[in-house]
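Structure record follows, encoded as structure tokens.
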Amino acid sequence: MTTPTWDEPGGPMTGDEFRIATSAIMANIEQVIEGKSATVRLALAVLLAEGHLLIEDVPGVGKTKLAKALARSIDCSVRRIQFTPDLLPSDVTGVSVYNQETRDFEFKPGAVFANLVVGDEINRASPKTQSALLECMEERQVTVDGTTYELQAPFMVIATQNPIEMEGTYPLPEAQRDRFTARIAMGYPDPRAELAMLNGHGAHDPLMDLRSVTDAATVRRLIQAARDVHAAEAVQQYAIALVTATREAPEIRLGASPRCTLQLIRTAKAVAALEGRDYVLPDDLQTLAVPVLAHRIIPTADAQLNRRTTDAIVSEIVHRLPLPHERSRSPYDTRPSSNGGTQYEPRGR
């Protein structure tokens, strides 16, 4: 059997190829999203971690535009779902329709049969419709009338919701939130970025001119490259300690699940790859703790009365939890260490 080359789908990817491809995607998105490089980077990391992204913020800050820009940057199938109270589960997953000519039922795929699914205002749909996404987000498949249909890879759900306007909305259940790898907030742009937005978006929407800079096959190779990043046992133990602390904190009624630990490591690998490293640092886990953990936990009634946010609780856990003193390097990292051995010194807090 011949070894696949780098040019073939699924072949190994060099560091330069990875950097060029990911930089092109981020630069393409930043033509539309001004002054949000960290947010764009995290969204791309979630894609490479084979996860799903929940964008939660006030109206008008570019939630849907970020989702659309990421989708248009990749030459693959994209479907958008506008979640409304009258949306049915079959609109999402598909439905079996009786064909008069063949006298048999035919499956008509729903909007979820795409590489990137953009769900706008996901909390406006009923819980019954929201639950239609549970199987496809976790298992990459859809079961309709007893028949299971596989979804194409890559597959990512990018959902938006408005946390301020509660009228006519249905809060996402815990099982739904736990399937989102990360939750991010766009935030307001700084004055310079807002001025650039006025000049660039005032007369024409740059999203209309956005063209894809890569394809689904390349994204699959990027995902494989992120998978191959090394996470030392000390780093894995630190990830477990972070998640376990959410289960034991007195301010938290429901802590993070084991699925969260897995997705925390996967996303940290993607972040490390985007930074040009072949190994994960505990600092990567610290950076990702709030976006990956905060939306999965439920604070106690006392914490809610004291207006304690889950972001603040997770930040305090990260601050008080000690960092591992020894961090094993990747066996593929040939750079000399500061102490002459196979360990490297921890970075400052």
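Here, A, B, ... name the chains of the structure tokens in the order displayed, residue numbers run from 1 inside each chain, and ligands are numbered from 1 in the same displayed order.
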May I have a table of the residues of stretch 188-266 of chain A lying at most 9 Å from stretch 20-24 of chain A, giving each one's closest pair of atoms and their distance in Å to one decimal, counting only C-alpha atoms, ordered by chain and ascending residue number, as a Markdown table?
```
| residue | atom | partner | partner_atom | distance |
| --- | --- | --- | --- | --- |
| A:Val213 | CA | A:Ala24 | CA | 6.5 |
| A:Thr214 | CA | A:Ala21 | CA | 7.2 |
| A:Thr218 | CA | A:Ala21 | CA | 8.1 |
| A:Val219 | CA | A:Ala21 | CA | 8.8 |
| A:Leu222 | CA | A:Thr22 | CA | 8.2 |
```
Grab the residues selected above and save them as an mmCIF file, in the first residue's frame with N, CA, C and O atoms.
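Printed below is result36.cif as written:
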```cif
data_model
loop_
_atom_site.group_PDB
_atom_site.id
_atom_site.type_symbol
_atom_site.label_atom_id
_atom_site.label_comp_id
_atom_site.auth_asym_id
_atom_site.auth_seq_id
_atom_site.Cartn_x
_atom_site.Cartn_y
_atom_site.Cartn_z
ATOM 1 N N VAL A 213 -11.600 30.101 0.971
ATOM 2 C CA VAL A 213 -10.149 30.032 0.843
ATOM 3 C C VAL A 213 -9.636 28.606 1.064
ATOM 4 O O VAL A 213 -8.436 28.354 0.952
ATOM 5 N N THR A 214 -10.525 27.676 1.402
ATOM 6 C CA THR A 214 -10.144 26.276 1.561
ATOM 7 C C THR A 214 -11.376 25.418 1.315
ATOM 8 O O THR A 214 -12.457 25.933 1.047
ATOM 9 N N THR A 218 -9.403 19.859 2.927
ATOM 10 C CA THR A 218 -8.313 20.495 3.671
ATOM 11 C C THR A 218 -8.674 20.640 5.139
ATOM 12 O O THR A 218 -7.824 20.461 6.018
ATOM 13 N N VAL A 219 -9.920 20.960 5.426
ATOM 14 C CA VAL A 219 -10.347 21.078 6.824
ATOM 15 C C VAL A 219 -10.205 19.741 7.542
ATOM 16 O O VAL A 219 -9.798 19.682 8.709
ATOM 17 N N LEU A 222 -6.675 19.465 8.456
ATOM 18 C CA LEU A 222 -6.378 20.353 9.581
ATOM 19 C C LEU A 222 -6.839 19.736 10.898
ATOM 20 O O LEU A 222 -6.146 19.815 11.918
#
```
Discussion item. DSSP on the backbone: which residues in stretch 100-193 of chain A end up as strand (DSSP E)? Give the answer as a PyMOL selection string.
Written reply: chain A and resi 104-109+116-120+141-144+147-150+156-161+182-184
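Nearest to A:Glu233 of all the residues A:Val97, A:Pro282, A:Thr267, A:Val32 is A:Pro282, counting only C-alpha atoms.
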Discussion item. Taking only stretch 151-272 of chain A into account, list the residues labelled alpha helix (DSSP H) by DSSP (computed from the backbone), as a PyMOL selection string.
Written reply: chain A and resi 174-178+191-201+216-227+233-248+258-272
Item to complete: Find the residues around stretch 148-165 of chain A up to 6 Å (only C-alpha atoms counted), leave out those fewer than 6 positions away in its own chain, and share them as a count of residues only.
Response: 18
Which residues come within 10 Å of A:Lys128, counting only C-alpha atoms, excluding same-chain residues fewer than 2 positions away, as an mmCIF file with N, CA and C atoms, in the first residue's frame?
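Contents of part_27.cif, as written:
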```cif
data_model
loop_
_atom_site.group_PDB
_atom_site.id
_atom_site.type_symbol
_atom_site.label_atom_id
_atom_site.label_comp_id
_atom_site.auth_asym_id
_atom_site.auth_seq_id
_atom_site.Cartn_x
_atom_site.Cartn_y
_atom_site.Cartn_z
ATOM 1 N N LEU A 87 -41.078 26.217 14.307
ATOM 2 C CA LEU A 87 -40.180 25.308 13.612
ATOM 3 C C LEU A 87 -40.365 23.888 14.149
ATOM 4 N N LEU A 88 -40.470 22.917 13.252
ATOM 5 C CA LEU A 88 -40.698 21.527 13.633
ATOM 6 C C LEU A 88 -39.391 20.736 13.635
ATOM 7 N N PRO A 89 -39.302 19.666 14.434
ATOM 8 C CA PRO A 89 -38.101 18.824 14.404
ATOM 9 C C PRO A 89 -37.795 18.268 13.012
ATOM 10 N N ALA A 125 -36.706 28.431 19.419
ATOM 11 C CA ALA A 125 -37.437 27.215 19.069
ATOM 12 C C ALA A 125 -37.867 26.489 20.333
ATOM 13 N N SER A 126 -38.883 25.666 20.203
ATOM 14 C CA SER A 126 -39.395 24.916 21.357
ATOM 15 C C SER A 126 -38.386 23.847 21.771
ATOM 16 N N GLN A 130 -35.446 21.867 19.624
ATOM 17 C CA GLN A 130 -34.050 21.923 20.045
ATOM 18 C C GLN A 130 -33.472 20.517 20.222
ATOM 19 N N SER A 131 -34.289 19.610 20.739
ATOM 20 C CA SER A 131 -33.807 18.251 20.976
ATOM 21 C C SER A 131 -33.488 17.511 19.680
ATOM 22 N N ALA A 132 -33.967 18.015 18.545
ATOM 23 C CA ALA A 132 -33.657 17.375 17.267
ATOM 24 C C ALA A 132 -32.172 17.463 16.942
ATOM 25 N N LEU A 133 -31.466 18.391 17.590
ATOM 26 C CA LEU A 133 -30.049 18.556 17.333
ATOM 27 C C LEU A 133 -29.181 17.672 18.220
#
```
Within 10 Å of A:Pro206 using only C-alpha atoms, minus same-chain residues under 5 positions, as a compact mmCIF listing (two decimals) with all heavy atoms, in the first residue's frame:
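Result file follows (out-v4.txt):
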```txt
# COMPACT_ATOMS: atom_id res chain seq x y z
N GLN A 31 -11.89 40.06 7.37
CA GLN A 31 -12.36 41.07 6.42
C GLN A 31 -13.76 41.55 6.76
O GLN A 31 -14.16 42.65 6.39
CB GLN A 31 -12.37 40.49 5.00
CG GLN A 31 -11.00 40.13 4.44
CD GLN A 31 -11.10 39.59 3.02
OE1 GLN A 31 -11.89 40.08 2.21
NE2 GLN A 31 -10.31 38.58 2.71
N VAL A 32 -14.50 40.71 7.48
CA VAL A 32 -15.88 41.02 7.84
C VAL A 32 -15.99 41.42 9.31
O VAL A 32 -16.71 42.34 9.67
CB VAL A 32 -16.80 39.81 7.55
CG1 VAL A 32 -18.23 40.09 7.96
CG2 VAL A 32 -16.73 39.45 6.07
N ILE A 33 -15.28 40.71 10.19
CA ILE A 33 -15.33 40.95 11.63
C ILE A 33 -14.14 41.80 12.02
O ILE A 33 -12.99 41.33 12.00
CB ILE A 33 -15.34 39.62 12.41
CG1 ILE A 33 -16.47 38.72 11.92
CG2 ILE A 33 -15.46 39.86 13.89
CD1 ILE A 33 -17.86 39.28 12.13
N ALA A 69 -19.44 34.21 8.11
CA ALA A 69 -18.10 34.42 7.56
C ALA A 69 -17.26 33.15 7.67
O ALA A 69 -16.53 32.80 6.73
CB ALA A 69 -17.41 35.57 8.29
N GLY A 200 -15.85 50.43 6.10
CA GLY A 200 -15.89 49.24 5.26
C GLY A 200 -17.26 48.69 5.00
O GLY A 200 -17.50 48.02 3.99
N HIS A 201 -18.21 48.94 5.94
CA HIS A 201 -19.55 48.36 5.81
C HIS A 201 -20.61 49.40 5.49
O HIS A 201 -21.77 49.06 5.31
CB HIS A 201 -19.95 47.66 7.12
CG HIS A 201 -19.07 46.52 7.50
ND1 HIS A 201 -19.56 45.28 7.85
CD2 HIS A 201 -17.72 46.40 7.60
CE1 HIS A 201 -18.56 44.47 8.15
NE2 HIS A 201 -17.44 45.14 8.01
```
Discussion item. Taking 2 positions as the minimum chain separation for residues in the same chain, which residues sit within 6 Å of stretch 102-113 of chain A when counting only C-alpha atoms? Answer as a VMD selection string.
Written reply: chain A and resid 79 91 to 100
Discussion item. Give me the residues near stretch 274-278 of chain A as a list of chain:residue names, where near means some atom within 9 Å (using only C-alpha atoms) and where sequence neighbours in that chain fewer than 5 positions away do not count.
Written reply: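 Selected residues are A:Gly15, A:Phe18, A:Arg19, A:Thr22, A:Ser23, A:Arg41, A:Leu44, A:Ala45, A:Ala226, A:Asp228, A:Val229, A:His230, A:Ala231, A:Lys269, A:Ser330, A:Tyr332, A:Asp333.
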Just N, CA and C atoms for this one: save the residues we selected as a PDB file, in the first residue's frame.
```pdb
ATOM      1  N   GLY A  15       3.765  21.586   9.087  1.00  0.00           N
ATOM      2  CA  GLY A  15       3.484  22.769   9.893  1.00  0.00           C
ATOM      3  C   GLY A  15       3.250  24.007   9.056  1.00  0.00           C
ATOM      4  N   PHE A  18      -0.201  23.842   7.512  1.00  0.00           N
ATOM      5  CA  PHE A  18      -1.212  24.134   8.533  1.00  0.00           C
ATOM      6  C   PHE A  18      -1.289  25.633   8.792  1.00  0.00           C
ATOM      7  N   ARG A  19      -0.132  26.264   8.944  1.00  0.00           N
ATOM      8  CA  ARG A  19      -0.110  27.699   9.237  1.00  0.00           C
ATOM      9  C   ARG A  19      -0.704  28.507   8.087  1.00  0.00           C
ATOM     10  N   THR A  22      -4.688  27.900   7.965  1.00  0.00           N
ATOM     11  CA  THR A  22      -5.430  28.522   9.063  1.00  0.00           C
ATOM     12  C   THR A  22      -5.314  30.043   9.031  1.00  0.00           C
ATOM     13  N   SER A  23      -4.152  30.552   8.652  1.00  0.00           N
ATOM     14  CA  SER A  23      -4.001  32.010   8.551  1.00  0.00           C
ATOM     15  C   SER A  23      -4.908  32.578   7.466  1.00  0.00           C
ATOM     16  N   ARG A  41     -10.154  33.407  16.313  1.00  0.00           N
ATOM     17  CA  ARG A  41      -9.215  32.308  16.557  1.00  0.00           C
ATOM     18  C   ARG A  41      -9.878  31.186  17.347  1.00  0.00           C
ATOM     19  N   LEU A  44     -12.292  29.218  15.141  1.00  0.00           N
ATOM     20  CA  LEU A  44     -11.577  28.282  14.273  1.00  0.00           C
ATOM     21  C   LEU A  44     -11.062  27.091  15.075  1.00  0.00           C
ATOM     22  N   ALA A  45     -10.615  27.329  16.315  1.00  0.00           N
ATOM     23  CA  ALA A  45     -10.136  26.235  17.167  1.00  0.00           C
ATOM     24  C   ALA A  45     -11.253  25.240  17.455  1.00  0.00           C
ATOM     25  N   ALA A 226      -4.569  18.703  14.180  1.00  0.00           N
ATOM     26  CA  ALA A 226      -4.842  19.128  15.552  1.00  0.00           C
ATOM     27  C   ALA A 226      -4.958  17.928  16.486  1.00  0.00           C
ATOM     28  N   ASP A 228      -3.246  15.261  16.354  1.00  0.00           N
ATOM     29  CA  ASP A 228      -1.924  14.695  16.597  1.00  0.00           C
ATOM     30  C   ASP A 228      -1.093  15.499  17.587  1.00  0.00           C
ATOM     31  N   VAL A 229      -1.589  16.645  18.045  1.00  0.00           N
ATOM     32  CA  VAL A 229      -0.854  17.444  19.032  1.00  0.00           C
ATOM     33  C   VAL A 229      -0.754  16.663  20.350  1.00  0.00           C
ATOM     34  N   HIS A 230       0.404  16.724  20.977  1.00  0.00           N
ATOM     35  CA  HIS A 230       0.676  15.932  22.183  1.00  0.00           C
ATOM     36  C   HIS A 230       0.149  16.645  23.425  1.00  0.00           C
ATOM     37  N   ALA A 231      -0.574  15.905  24.265  1.00  0.00           N
ATOM     38  CA  ALA A 231      -1.018  16.403  25.572  1.00  0.00           C
ATOM     39  C   ALA A 231      -0.404  15.496  26.630  1.00  0.00           C
ATOM     40  N   LYS A 269      -5.688  21.271  22.188  1.00  0.00           N
ATOM     41  CA  LYS A 269      -4.816  20.783  21.119  1.00  0.00           C
ATOM     42  C   LYS A 269      -4.939  21.669  19.881  1.00  0.00           C
ATOM     43  N   SER A 330       6.530  17.427  24.348  1.00  0.00           N
ATOM     44  CA  SER A 330       6.240  16.471  23.288  1.00  0.00           C
ATOM     45  C   SER A 330       7.515  15.747  22.888  1.00  0.00           C
ATOM     46  N   TYR A 332       8.274  14.998  20.090  1.00  0.00           N
ATOM     47  CA  TYR A 332       8.651  15.528  18.780  1.00  0.00           C
ATOM     48  C   TYR A 332       9.202  16.954  18.858  1.00  0.00           C
ATOM     49  N   ASP A 333       9.207  17.527  20.080  1.00  0.00           N
ATOM     50  CA  ASP A 333       9.713  18.884  20.256  1.00  0.00           C
ATOM     51  C   ASP A 333      11.220  18.805  20.482  1.00  0.00           C
TER      52      ASP A 333
END
```
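Across A:Ala301, A:Val61, A:Leu47, A:Ala27, the tightest approach to A:Met197 is made by A:Val61 when counting only C-alpha atoms.
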Worksheet item: Quick one, how far is atom CA of A:Leu262 from atom CA of A:Ala241?
Response: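 Atom CA of A:Leu262 sits 12.7 Å away from atom CA of A:Ala241.
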Item to complete: Have a look at atom CA of A:Cys76 and atom CA of A:Asp178 and let me know their distance in Å, one decimal.
Response: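 Here the two named atoms are 26.1 Å from each other.
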